[in-house]
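K.L.:
Sharing query07.cif here; it has mmCIF, C-alpha atoms.
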data_data
loop_
_atom_site.label_atom_id
_atom_site.label_comp_id
_atom_site.auth_asym_id
_atom_site.auth_seq_id
_atom_site.Cartn_x
_atom_site.Cartn_y
_atom_site.Cartn_z
CA MET A 188 31.14 91.27 5.36
CA PRO A 189 32.66 88.08 6.83
CA LEU A 190 31.93 84.84 5.06
CA ARG A 191 29.48 82.66 6.96
CA VAL A 192 30.77 79.11 6.73
CA ALA A 193 29.22 75.93 8.10
CA TYR A 194 32.13 73.66 9.02
CA LEU A 195 31.12 70.07 9.71
CA SER A 196 33.45 67.48 11.23
CA TYR A 197 32.55 63.96 12.33
CA ASP A 198 35.69 64.10 14.46
CA GLY A 199 35.19 65.94 17.73
CA ALA A 200 36.86 69.21 18.61
CA LEU A 201 37.63 67.57 21.96
CA ASP A 202 39.49 64.71 20.26
CA PRO A 203 43.28 65.07 19.99
CA LEU A 204 42.93 65.10 16.19
CA GLY A 205 40.20 67.73 16.30
CA SER A 206 42.09 69.99 18.67
CA THR A 207 45.25 69.88 16.52
CA GLN A 208 43.96 69.38 12.95
CA VAL A 209 40.60 71.19 12.95
CA VAL A 210 40.49 73.96 15.51
CA PRO A 211 43.86 75.64 14.68
CA TYR A 212 42.86 75.93 11.02
CA LEU A 213 39.55 77.54 11.97
CA GLU A 214 41.26 79.94 14.37
CA GLY A 215 43.57 81.07 11.56
CA LEU A 216 40.74 81.46 9.04
CA SER A 217 38.66 83.37 11.59
CA ARG A 218 41.35 86.05 11.51
CA GLN A 219 40.75 86.36 7.75
CA GLU A 220 37.14 87.54 7.90
CA VAL A 221 35.50 84.11 8.13
CA HIS A 222 32.75 83.38 10.65
CA PHE A 223 32.31 79.69 11.41
CA GLU A 224 29.33 77.75 12.62
CA LEU A 225 31.21 74.63 13.75
CA ILE A 226 29.28 71.36 14.04
CA THR A 227 31.22 68.47 15.55
CA PHE A 228 30.37 65.04 16.96
CA GLU A 229 31.87 64.51 20.38
CA LYS A 230 32.52 61.26 22.23
CA PRO A 231 30.37 60.98 25.38
CA SER A 232 33.43 60.45 27.58
CA ARG A 233 34.96 63.70 26.38
CA LEU A 234 31.71 65.63 26.80
CA GLY A 235 31.71 64.37 30.38
CA ASP A 236 35.08 66.04 31.05
CA ALA A 237 33.78 69.39 32.31
CA ASP A 238 37.19 71.08 32.43
CA ARG A 239 38.12 70.03 28.92
CA LEU A 240 34.70 71.05 27.59
CA ALA A 241 34.91 74.47 29.26
CA SER A 242 38.45 75.03 27.97
CA MET A 243 37.52 74.22 24.36
CA SER A 244 34.35 76.31 24.57
CA ALA A 245 36.35 79.30 25.77
CA ARG A 246 39.04 78.76 23.11
CA LEU A 247 36.50 78.72 20.28
CA ALA A 248 34.59 81.67 21.70
CA ARG A 249 37.79 83.75 21.80
CA ALA A 250 38.22 83.05 18.09
CA GLY A 251 34.63 84.07 17.34
CA ILE A 252 33.68 80.50 16.35
CA ALA A 253 30.13 79.41 17.17
CA TRP A 254 30.41 75.80 18.31
CA HIS A 255 27.57 73.29 18.13
CA PRO A 256 28.83 70.03 19.68
CA LEU A 257 26.58 67.05 19.05
CA ARG A 258 26.94 63.69 20.76
CA TYR A 259 28.59 60.97 18.67
CA HIS A 260 26.90 57.56 18.52
CA LYS A 261 29.01 54.50 17.77
CA SER A 262 26.78 51.45 17.66
CA PRO A 263 25.04 49.74 16.09
CA ARG A 264 27.26 51.15 13.36
CA VAL A 265 24.93 51.90 10.47
CA PRO A 266 21.84 53.00 12.45
CA ALA A 267 24.01 55.10 14.80
CA THR A 268 25.70 56.87 11.90
CA LEU A 269 22.38 57.49 10.18
CA PHE A 270 21.01 58.95 13.43
CA ASP A 271 24.00 61.32 13.64
CA VAL A 272 23.56 62.33 9.99
CA ILE A 273 19.92 63.26 10.61
CA ARG A 274 20.85 65.30 13.70
CA GLY A 275 23.56 67.11 11.74
CA ALA A 276 21.14 67.96 8.93
CA LEU A 277 18.56 69.27 11.40
CA CYS A 278 21.20 71.37 13.14
CA LEU A 279 22.21 72.87 9.79
CA LYS A 280 18.62 73.73 8.91
CA ARG A 281 18.13 75.39 12.30
CA LEU A 282 21.26 77.49 11.91
CA ALA A 283 20.29 78.49 8.38
CA ARG A 284 17.08 80.15 9.62
CA SER A 285 18.96 83.25 10.75
CA SER A 286 20.85 83.73 7.47
CA ALA A 287 22.10 81.63 4.56
CA PHE A 288 25.54 80.07 4.57
CA ASP A 289 28.06 81.33 2.03
CA LEU A 290 29.55 77.83 1.80
CA PHE A 291 29.74 74.43 3.47
CA HIS A 292 33.11 72.97 4.46
CA CYS A 293 32.68 69.22 5.00
CA ARG A 294 35.53 67.30 6.57
CA GLY A 295 35.44 63.62 5.68
CA ASP A 296 32.79 61.52 3.98
CA ILE A 297 29.94 61.50 6.52
CA THR A 298 29.30 65.23 6.84
CA PRO A 299 28.48 65.93 3.13
CA VAL A 300 25.53 63.58 3.56
CA MET A 301 24.21 65.98 6.22
CA VAL A 302 24.34 68.89 3.78
CA ARG A 303 22.66 66.83 1.08
CA MET A 304 19.93 65.74 3.49
CA SER A 305 19.36 69.35 4.61
CA ARG A 306 18.79 70.38 0.97
CA LEU A 307 20.32 73.77 1.77
CA PRO A 308 21.81 75.64 -1.21
CA GLY A 309 25.37 76.86 -1.44
CA PRO A 310 28.81 75.76 -2.61
CA LEU A 311 30.29 72.72 -0.87
CA LEU A 312 33.97 72.05 -0.23
CA LEU A 313 34.62 68.33 0.20
CA ASP A 314 37.70 68.00 2.41
CA MET A 315 38.77 64.38 1.89
CA ARG A 316 41.07 63.11 4.63
CA GLY A 317 41.55 59.82 2.78
CA PHE A 318 39.67 57.28 0.72
CA PHE A 319 37.27 55.96 3.32
CA ALA A 320 35.91 52.86 1.56
CA ASP A 321 39.42 51.86 0.43
CA GLU A 322 40.66 52.25 4.01
CA ARG A 323 37.90 50.02 5.40
CA VAL A 324 38.67 47.32 2.86
CA ASP A 325 42.41 47.53 3.56
CA ALA A 326 41.75 47.36 7.30
CA GLY A 327 39.52 44.31 6.90
CA SER A 328 36.43 46.09 8.25
CA TRP A 329 34.41 44.84 5.29
CA SER A 330 34.88 42.95 2.04
CA SER A 331 35.57 44.65 -1.28
CA GLY A 332 32.44 44.52 -3.42
CA GLY A 333 30.19 43.54 -0.51
CA LEU A 334 26.87 45.20 0.23
CA LEU A 335 28.29 47.72 2.70
CA ASP A 336 31.26 48.48 0.44
CA ARG A 337 28.98 49.18 -2.53
CA ALA A 338 26.71 51.34 -0.38
CA VAL A 339 29.57 53.45 0.98
CA ARG A 340 31.10 53.92 -2.47
CA SER A 341 27.70 55.03 -3.75
CA VAL A 342 27.60 57.64 -0.97
CA GLU A 343 31.11 58.79 -1.92
CA ARG A 344 30.06 59.25 -5.55
CA SER A 345 26.98 61.21 -4.48
CA ASN A 346 29.12 63.44 -2.26
CA LEU A 347 31.35 64.25 -5.23
CA LYS A 348 28.31 65.11 -7.34
CA ARG A 349 27.12 67.60 -4.70
CA ALA A 350 30.60 69.09 -4.15
CA ASN A 351 31.92 72.12 -6.00
CA ARG A 352 35.55 71.62 -5.08
CA VAL A 353 37.72 69.00 -3.38
CA VAL A 354 40.72 69.16 -1.07
CA VAL A 355 43.01 66.14 -0.66
CA LEU A 356 46.17 65.60 1.36
CA THR A 357 48.46 64.31 -1.37
CA SER A 358 49.29 64.76 -5.04
CA ARG A 359 49.03 60.99 -5.46
CA GLY A 360 45.51 61.14 -4.06
CA ARG A 361 44.59 63.84 -6.56
CA GLY A 362 45.91 61.59 -9.31
CA VAL A 363 43.68 58.73 -8.15
CA LEU A 364 40.61 60.96 -8.23
CA LYS A 365 41.43 62.07 -11.76
CA ASP A 366 41.89 58.43 -12.80
CA ARG A 367 38.45 57.71 -11.36
CA GLY A 368 36.91 60.35 -13.57
CA VAL A 369 36.54 63.20 -11.07
CA THR A 370 36.46 66.46 -13.03
CA LEU A 371 36.02 68.85 -10.10
CA PRO A 372 38.88 71.21 -9.19
CA VAL A 373 41.09 69.35 -6.69
CA ASP A 374 43.50 71.20 -4.37
CA VAL A 375 46.30 69.53 -2.42
CA ILE A 376 46.72 70.80 1.14
CA PRO A 377 48.86 68.41 3.22
CA THR A 378 48.54 67.80 6.93
CA CYS A 379 50.34 70.73 8.52
CA VAL A 380 51.76 71.83 11.85
CA ASP A 381 51.71 74.95 14.01
CA CYS A 382 55.35 75.94 13.65
CA GLY A 383 54.95 78.35 16.54
CA ARG A 384 54.08 75.55 18.95
CA PHE A 385 56.40 72.96 17.41
CA ALA A 386 59.66 74.89 17.46
CA PRO A 387 63.17 73.75 18.45
CA PRO A 388 64.88 75.54 21.34
CA SER A 389 67.74 77.90 20.71
CA PRO A 390 70.35 76.83 21.47
CA ARG A 391 69.40 73.20 20.88
CA LEU A 392 69.42 70.85 23.84
CA GLU A 393 71.73 67.90 24.29
CA ALA A 394 69.71 64.88 23.14
CA ASP A 395 68.65 62.15 25.57
CA PHE A 396 67.36 59.91 22.76
CA ASP A 397 68.68 59.08 19.30
CA LEU A 398 65.36 57.87 17.92
CA VAL A 399 61.74 58.59 18.85
CA TYR A 400 58.41 57.20 17.78
CA PHE A 401 55.47 59.31 18.92
CA GLY A 402 51.77 58.61 18.49
CA SER A 403 49.39 55.66 18.70
CA LEU A 404 50.62 52.10 18.36
CA GLY A 405 48.91 49.45 16.26
CA GLY A 406 46.45 49.96 13.44
CA TRP A 407 48.28 51.18 10.35
CA TYR A 408 51.54 51.60 12.28
CA MET A 409 53.96 48.67 12.03
CA THR A 410 55.01 48.28 15.65
CA GLN A 411 56.85 44.99 15.15
CA ALA A 412 58.82 46.31 12.19
CA MET A 413 59.93 49.32 14.24
CA LEU A 414 61.08 47.01 17.03
CA ASP A 415 62.86 44.83 14.50
CA PHE A 416 64.65 47.91 13.18
CA VAL A 417 65.89 48.86 16.63
CA ALA A 418 67.02 45.29 17.32
CA GLU A 419 68.90 45.08 14.01
CA ILE A 420 70.80 48.32 14.58
CA ARG A 421 71.73 47.27 18.09
CA ARG A 422 72.77 43.85 16.81
CA SER A 423 75.36 45.63 14.68
CA GLY A 424 76.92 46.99 17.86
CA GLN A 425 75.42 50.49 17.88
CA LYS A 426 73.93 51.57 21.21
CA ILE A 427 71.02 53.74 20.12
CA ARG A 428 68.76 55.28 22.75
CA VAL A 429 65.11 54.87 21.76
CA LEU A 430 61.91 56.47 23.08
CA PHE A 431 58.31 55.49 22.36
CA LEU A 432 55.95 58.33 23.26
CA THR A 433 52.45 56.87 23.21
CA ASN A 434 49.22 56.96 25.18
CA ASN A 435 47.65 53.70 24.00
CA ALA A 436 50.13 50.98 24.97
CA ASP A 437 48.73 48.23 27.17
CA GLU A 438 50.77 46.72 30.00
CA ALA A 439 51.94 43.81 27.86
CA THR A 440 53.33 46.23 25.25
CA ARG A 441 54.96 48.36 27.93
CA SER A 442 56.63 45.33 29.43
CA ARG A 443 57.83 44.23 26.02
CA LEU A 444 59.38 47.63 25.28
CA ARG A 445 61.07 47.75 28.66
CA ASP A 446 62.51 44.29 28.04
CA LEU A 447 64.01 45.66 24.81
CA ASP A 448 65.53 48.60 26.72
CA ILE A 449 63.21 51.07 24.96
CA ALA A 450 61.96 53.96 27.06
CA ILE A 451 58.19 54.43 26.98
CA GLU A 452 56.39 57.55 28.16
CA THR A 453 52.93 59.10 27.97
CA CYS A 454 52.15 62.77 27.64
CA ALA A 455 49.40 65.23 26.82
CA PRO A 456 49.30 66.48 23.20
CA GLU A 457 50.48 69.93 24.26
CA ASP A 458 53.64 68.42 25.80
CA VAL A 459 54.84 66.55 22.69
CA PRO A 460 57.20 69.37 21.57
CA LYS A 461 58.96 69.28 24.95
CA TRP A 462 59.72 65.60 24.49
CA LEU A 463 60.83 65.99 20.88
CA MET A 464 63.35 68.62 22.00
CA ARG A 465 65.18 65.79 23.74
CA CYS A 466 65.50 63.65 20.59
CA ARG A 467 67.79 63.59 17.54
CA THR A 468 65.55 61.96 14.94
CA ALA A 469 62.06 60.43 14.55
CA PHE A 470 60.83 57.28 12.85
CA PHE A 471 57.51 55.73 11.84
CA PHE A 472 56.63 52.78 9.62
CA ILE A 473 53.15 52.63 8.08
CA ARG A 474 51.56 49.79 6.10
CA ALA A 475 51.63 50.93 2.47
CA THR A 476 48.17 49.71 1.46
CA PRO A 477 46.41 51.22 -1.59
CA SER A 478 44.34 53.57 0.58
CA LYS A 479 47.49 55.08 2.10
CA ILE A 480 48.13 56.82 -1.23
CA ALA A 481 45.85 59.54 0.16
CA SER A 482 47.51 59.80 3.61
CA CYS A 483 49.81 62.47 5.01
CA PRO A 484 50.96 61.59 8.56
CA THR A 485 50.73 64.45 11.02
CA LYS A 486 53.92 63.32 12.74
CA LEU A 487 55.95 64.05 9.59
CA ALA A 488 55.28 67.78 9.82
CA GLU A 489 55.65 67.82 13.60
CA ALA A 490 59.04 66.11 13.58
CA LEU A 491 60.44 68.29 10.81
CA ALA A 492 59.22 71.47 12.50
CA MET A 493 61.27 70.45 15.54
CA GLY A 494 64.33 70.06 13.32
CA LEU A 495 64.28 66.25 13.48
CA PRO A 496 65.03 64.29 10.29
CA VAL A 497 62.72 61.32 9.80
CA LEU A 498 63.17 57.67 8.96
CA THR A 499 60.13 56.09 7.36
CA GLY A 500 58.94 53.32 5.05
CA PRO A 501 57.98 53.53 1.39
CA GLY A 502 54.67 53.98 -0.41
CA VAL A 503 52.64 56.28 1.85
CA GLY A 504 51.13 59.37 0.22
CA ASP A 505 53.72 61.89 -0.92
CA VAL A 506 56.06 61.11 1.99
CA ASP A 507 58.75 59.47 -0.16
CA GLN A 508 58.97 62.47 -2.49
CA LEU A 509 58.85 65.02 0.33
CA VAL A 510 61.52 63.36 2.45
CA ARG A 511 63.91 62.58 -0.40
CA GLY A 512 63.32 65.81 -2.30
CA GLY A 513 63.87 67.98 0.76
CA ARG A 514 66.81 65.92 2.07
CA VAL A 515 65.04 65.84 5.43
CA GLY A 516 65.23 62.13 6.15
CA VAL A 517 65.57 58.61 4.80
CA VAL A 518 63.03 56.25 3.21
CA LEU A 519 63.55 52.50 3.59
CA SER A 520 63.69 50.50 0.37
CA ASP A 521 61.97 47.60 2.17
CA TYR A 522 61.70 46.05 5.62
CA SER A 523 64.78 43.83 5.49
CA PRO A 524 67.88 43.79 7.71
CA ASP A 525 70.02 45.05 4.82
CA SER A 526 67.66 47.97 4.23
CA TYR A 527 67.67 48.77 7.95
CA ALA A 528 71.47 48.90 8.03
CA ARG A 529 71.76 51.05 4.90
CA SER A 530 69.07 53.44 6.08
CA TRP A 531 70.62 53.93 9.49
CA LYS A 532 73.94 54.72 7.84
CA GLU A 533 72.23 57.32 5.63
CA LEU A 534 70.41 58.78 8.61
CA THR A 535 73.62 58.97 10.61
CA ASP A 536 75.23 60.88 7.74
CA LEU A 537 72.34 63.34 7.81
CA LEU A 538 72.68 63.78 11.57
CA ASN A 539 76.38 64.52 11.13
CA ASP A 540 75.53 67.32 8.69
CA PRO A 541 75.28 70.49 10.83
CA GLN A 542 72.75 71.99 8.41
CA THR A 543 70.23 69.14 8.62
CA ALA A 544 68.22 70.42 11.59
CA ASP A 545 67.83 73.88 10.06
CA ARG A 546 66.94 72.33 6.68
CA CYS A 547 64.19 70.24 8.33
CA ARG A 548 62.79 73.27 10.11
CA ALA A 549 62.87 75.40 6.95
CA PHE A 550 61.15 72.65 4.97
CA ALA A 551 58.33 72.45 7.52
CA GLU A 552 57.89 76.22 7.49
CA GLU A 553 57.79 76.37 3.70
CA ARG A 554 55.80 73.24 2.82
CA LEU A 555 53.97 71.99 5.92
CA SER A 556 53.10 75.00 8.06
CA LEU A 557 49.69 75.85 9.50
CA VAL A 558 50.01 79.40 8.19
CA GLY A 559 50.50 78.16 4.64
CA ALA A 560 47.60 75.73 4.92
CA THR A 561 45.32 78.43 6.31
CA ASN A 562 46.16 80.74 3.42
CA SER A 563 45.49 77.90 0.97
CA TYR A 564 42.05 77.28 2.47
CA ALA A 565 41.28 81.01 2.38
CA ALA A 566 42.14 81.04 -1.33
CA VAL A 567 39.88 78.02 -1.91
CA TYR A 568 37.02 79.75 -0.08
CA LYS A 569 37.47 82.82 -2.24
CA ARG A 570 37.32 80.79 -5.43
CA LEU A 571 34.22 78.93 -4.27
CA VAL A 572 32.27 82.01 -3.24
CA GLY A 573 33.38 83.89 -6.33
CA GLY A 574 32.47 81.03 -8.61
CA GLU A 575 36.03 80.78 -9.90
CA PRO A 576 37.39 77.54 -11.42
#
How does this structure look as structure tokens?
P.N.:
Amino acid sequence: MPLRVAYLSYDGALDPLGSTQVVPYLEGLSRQEVHFELITFEKPSRLGDADRLASMSARLARAGIAWHPLRYHKSPRVPATLFDVIRGALCLKRLARSSAFDLFHCRGDITPVMVRMSRLPGPLLLDMRGFFADERVDAGSWSSGGLLDRAVRSVERSNLKRANRVVVLTSRGRGVLKDRGVTLPVDVIPTCVDCGRFAPPSPRLEADFDLVYFGSLGGWYMTQAMLDFVAEIRRSGQKIRVLFLTNNADEATRSRLRDLDIAIETCAPEDVPKWLMRCRTAFFFIRATPSKIASCPTKLAEALAMGLPVLTGPGVGDVDQLVRGGRVGVVLSDYSPDSYARSWKELTDLLNDPQTADRCRAFAEERLSLVGATNSYAAVYKRLVGGEP
């Protein structure tokens, strides 16, 4: 008999993140005798896109996934979130009337509260995508030790008490949980990529760009430092061709990039591999705050799967160890002109090594592939349902 799993995500299946980091995992697990009741919270604007909604509905139906999209409410923040939690709990209770769930898979820190509120029995997998309260403090959303901070951390502790097992993205994140006294089994499953969709052409194309940044600008990503890097390398006399592939740049940012002779393009998520085919290497700099210990950037796996070595900054999740250990890129020592120059020299040496592209691709297939992640989740499900440690 297939396992009946309630999968809850506060990210929407219609969001770019949901469509690339939730749905593909569920499609793979569905082929391993798992039946999902998928509860997601969708942005109103995306629910209003009839074509996108119909496409996702058909995609999930083909995989045998029963989808229950609920509308996401944003403000006022605390009452809106509480309202969504109550709706999620009621949806769970309604779905449980037909038959009991074999387990609950809760992505993030909001959805376990729905299971707790429903009071339904069954093992719970807490899939932590980061340390939420730490992230909010680092981002300046609220003060450390304030009323909201204490309340959220209390919720996080209660989620861990209800959970039977935890998944985190990084080994460093697992270490933090152990240091905080968490005694539950903790599995590390990094952010992975569909190596079938992100695959380099054969033979490889002649590159149009030496360096690409792809993804959102701002937030945790250090846009100014990346621009400073490009300027420093060009100041040394090297004419590198740079592309920023992003969908959230305002006109002022676009004008600034054009003034710096940096190409800027937008594209749909499904077209990212086509653009990466035209590039030699990728870069991204992320603020190394304490909460980033638990982070594993999606773009790391995507770039490596395309055979692109990466240039990145220090202190984010397991990225330093992965990049250096696999010889698939370069990690800055700091954000200084000297470090920029040394790192570009190291990256150029990697690009001149004819085995680098194949090494990057092999590393992604072995360590960061969707197939491997799916098998890891299937093993975790088996342990949970079987009561194994």
K.L.:
Determine the residue set returned by the PyMOL selection byres ((chain A and resi 359-363) around 7) for the present structure, and present it as a list in words.
P.N.:
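This file gives the following for the PyMOL selection byres ((chain A and resi 359-363) around 7): Val355, Thr357, Ser358, Leu364, Lys365, Asp366, Arg367, Val373, Ile480, Ala481, Gly504 and Asp505 of chain A.
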K.L.:
Which residues match the PyMOL selection byres ((chain A and resi 473-476) around 8) in the file above, as a CSV table (one decimal) with C-alpha atoms, in the coordinates of the input?
P.N.:
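Contents of the output file selection_9.csv:
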chain,number,residue,atom,x,y,z
A,325,ASP,CA,42.4,47.5,3.6
A,407,TRP,CA,48.3,51.2,10.4
A,408,TYR,CA,51.5,51.6,12.3
A,409,MET,CA,54.0,48.7,12.0
A,471,PHE,CA,57.5,55.7,11.8
A,472,PHE,CA,56.6,52.8,9.6
A,477,PRO,CA,46.4,51.2,-1.6
A,478,SER,CA,44.3,53.6,0.6
A,479,LYS,CA,47.5,55.1,2.1
A,480,ILE,CA,48.1,56.8,-1.2
A,499,THR,CA,60.1,56.1,7.4
A,500,GLY,CA,58.9,53.3,5.0
A,501,PRO,CA,58.0,53.5,1.4
A,502,GLY,CA,54.7,54.0,-0.4
A,503,VAL,CA,52.6,56.3,1.8
K.L.:
Excluding Met243 of chain A and any residue of its chain fewer than 5 positions from it, enumerate the residues within 10 Å of it, using all atoms listed in the file, and give them as a PDB file with C-alpha atoms, in the coordinates of the input.
P.N.:
ATOM      1  CA  ALA A 200      36.860  69.210  18.610  1.00  0.00           C
ATOM      2  CA  LEU A 201      37.630  67.570  21.960  1.00  0.00           C
ATOM      3  CA  SER A 206      42.090  69.990  18.670  1.00  0.00           C
ATOM      4  CA  VAL A 210      40.490  73.960  15.510  1.00  0.00           C
ATOM      5  CA  ASP A 238      37.190  71.080  32.430  1.00  0.00           C
ATOM      6  CA  ALA A 248      34.590  81.670  21.700  1.00  0.00           C
ATOM      7  CA  ARG A 249      37.790  83.750  21.800  1.00  0.00           C
ATOM      8  CA  TRP A 254      30.410  75.800  18.310  1.00  0.00           C
TER       9      TRP A 254
END
K.L.:
Expand the PyMOL selection byres ((chain A and resi 537) around 12) into the explicit residue set it covers here, and present it as JSON, numbers by chain.
P.N.:
{"A": [467, 468, 494, 495, 496, 497, 498, 511, 513, 514, 515, 516, 517, 530, 531, 532, 533, 534, 535, 536, 538, 539, 540, 541, 542, 543, 544, 545, 546, 547]}
K.L.:
So how far away is atom CA of Val380 of chain A from atom CA of Glu489 of chain A, in Å?
P.N.:
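Pair atom CA of Glu489 of chain A / atom CA of Val380 of chain A returns 5.9 Å.
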K.L.:
Tell me, as a PDB file with C-alpha atoms, keeping the file's coordinate frame, which residues lie within 9 Å of Met493 of chain A, counting all atoms listed in the file; anything in the same chain fewer than 5 positions away does not count.
P.N.:
ATOM      1  CA  CYS A 382      55.350  75.940  13.650  1.00  0.00           C
ATOM      2  CA  PHE A 385      56.400  72.960  17.410  1.00  0.00           C
ATOM      3  CA  ALA A 386      59.660  74.890  17.460  1.00  0.00           C
ATOM      4  CA  PRO A 387      63.170  73.750  18.450  1.00  0.00           C
ATOM      5  CA  PRO A 388      64.880  75.540  21.340  1.00  0.00           C
ATOM      6  CA  PRO A 460      57.200  69.370  21.570  1.00  0.00           C
ATOM      7  CA  LEU A 463      60.830  65.990  20.880  1.00  0.00           C
ATOM      8  CA  MET A 464      63.350  68.620  22.000  1.00  0.00           C
ATOM      9  CA  ALA A 488      55.280  67.780   9.820  1.00  0.00           C
ATOM     10  CA  ALA A 544      68.220  70.420  11.590  1.00  0.00           C
ATOM     11  CA  CYS A 547      64.190  70.240   8.330  1.00  0.00           C
ATOM     12  CA  ARG A 548      62.790  73.270  10.110  1.00  0.00           C
ATOM     13  CA  ALA A 551      58.330  72.450   7.520  1.00  0.00           C
TER      14      ALA A 551
END
K.L.:
Hey, which of A:Arg246, A:Arg441, A:Arg191, A:Arg344 ends up closest to Leu282 of chain A? Count only C-alpha atoms.
P.N.:
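Of A:Arg246, A:Arg441, A:Arg191, A:Arg344, the one nearest Leu282 of chain A, counting only C-alpha atoms, is A:Arg191.
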K.L.:
Between A:Cys293, A:Val342, A:Leu347, A:Leu371, which has the minimum distance to Glu575 of chain A (counting all atoms listed in the file)?
P.N.:
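The shortest atom-to-atom distance to Glu575 of chain A comes from A:Leu371.
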K.L.:
For Arg294 of chain A, find every residue with an atom within 7 Å (counting only C-alpha atoms), except residues of its own chain fewer than 6 positions away, and show them as a ChimeraX atom specification.
P.N.:
/A:195-196,313-315
K.L.:
Can you tell me which residues surround Ile451 of chain A at a distance of at most 7 Å, considering all atoms listed in the file, apart from same-chain residues fewer than 5 positions away, and format the answer as a compact mmCIF listing (two decimals) with C-alpha atoms, in the coordinates of the input?
P.N.:
# COMPACT_ATOMS: atom_id res chain seq x y z
CA LEU A 430 61.91 56.47 23.08
CA PHE A 431 58.31 55.49 22.36
CA LEU A 432 55.95 58.33 23.26
CA ARG A 441 54.96 48.36 27.93
K.L.:
For a quick check of understanding, using all atoms listed in the file, which of A:Tyr259, A:Tyr527, A:Phe291, A:Phe401 has the smallest distance to Thr453 of chain A?
P.N.:
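Between A:Tyr259, A:Tyr527, A:Phe291, A:Phe401, the residue approaching Thr453 of chain A most closely is A:Phe401.
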K.L.:
Here is a test: counting only C-alpha atoms, which residue of A:Glu322, A:Asp198, A:Asp415, A:Asp289 is nearest to Ser523 of chain A?
P.N.:
A:Asp415
K.L.:
Using all atoms listed in the file, list the residues that have an atom at most 7 Å from (28.9, 58.1, 20.1), coordinates as in the file, as a PyMOL selection string.
P.N.:
chain A and resi 230-231+258-261
K.L.:
For the atom pair atom CA of Asp507 of chain A and atom CA of Gly327 of chain A, what is the interatomic distance in Å to one decimal place?
P.N.:
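Going from atom CA of Asp507 of chain A over to atom CA of Gly327 of chain A, I get 25.5 Å.
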K.L.:
For the atom pair atom CA of Tyr194 of chain A and atom CA of Ser482 of chain A, what is the interatomic distance in Å to one decimal place?
P.N.:
21.4 Å
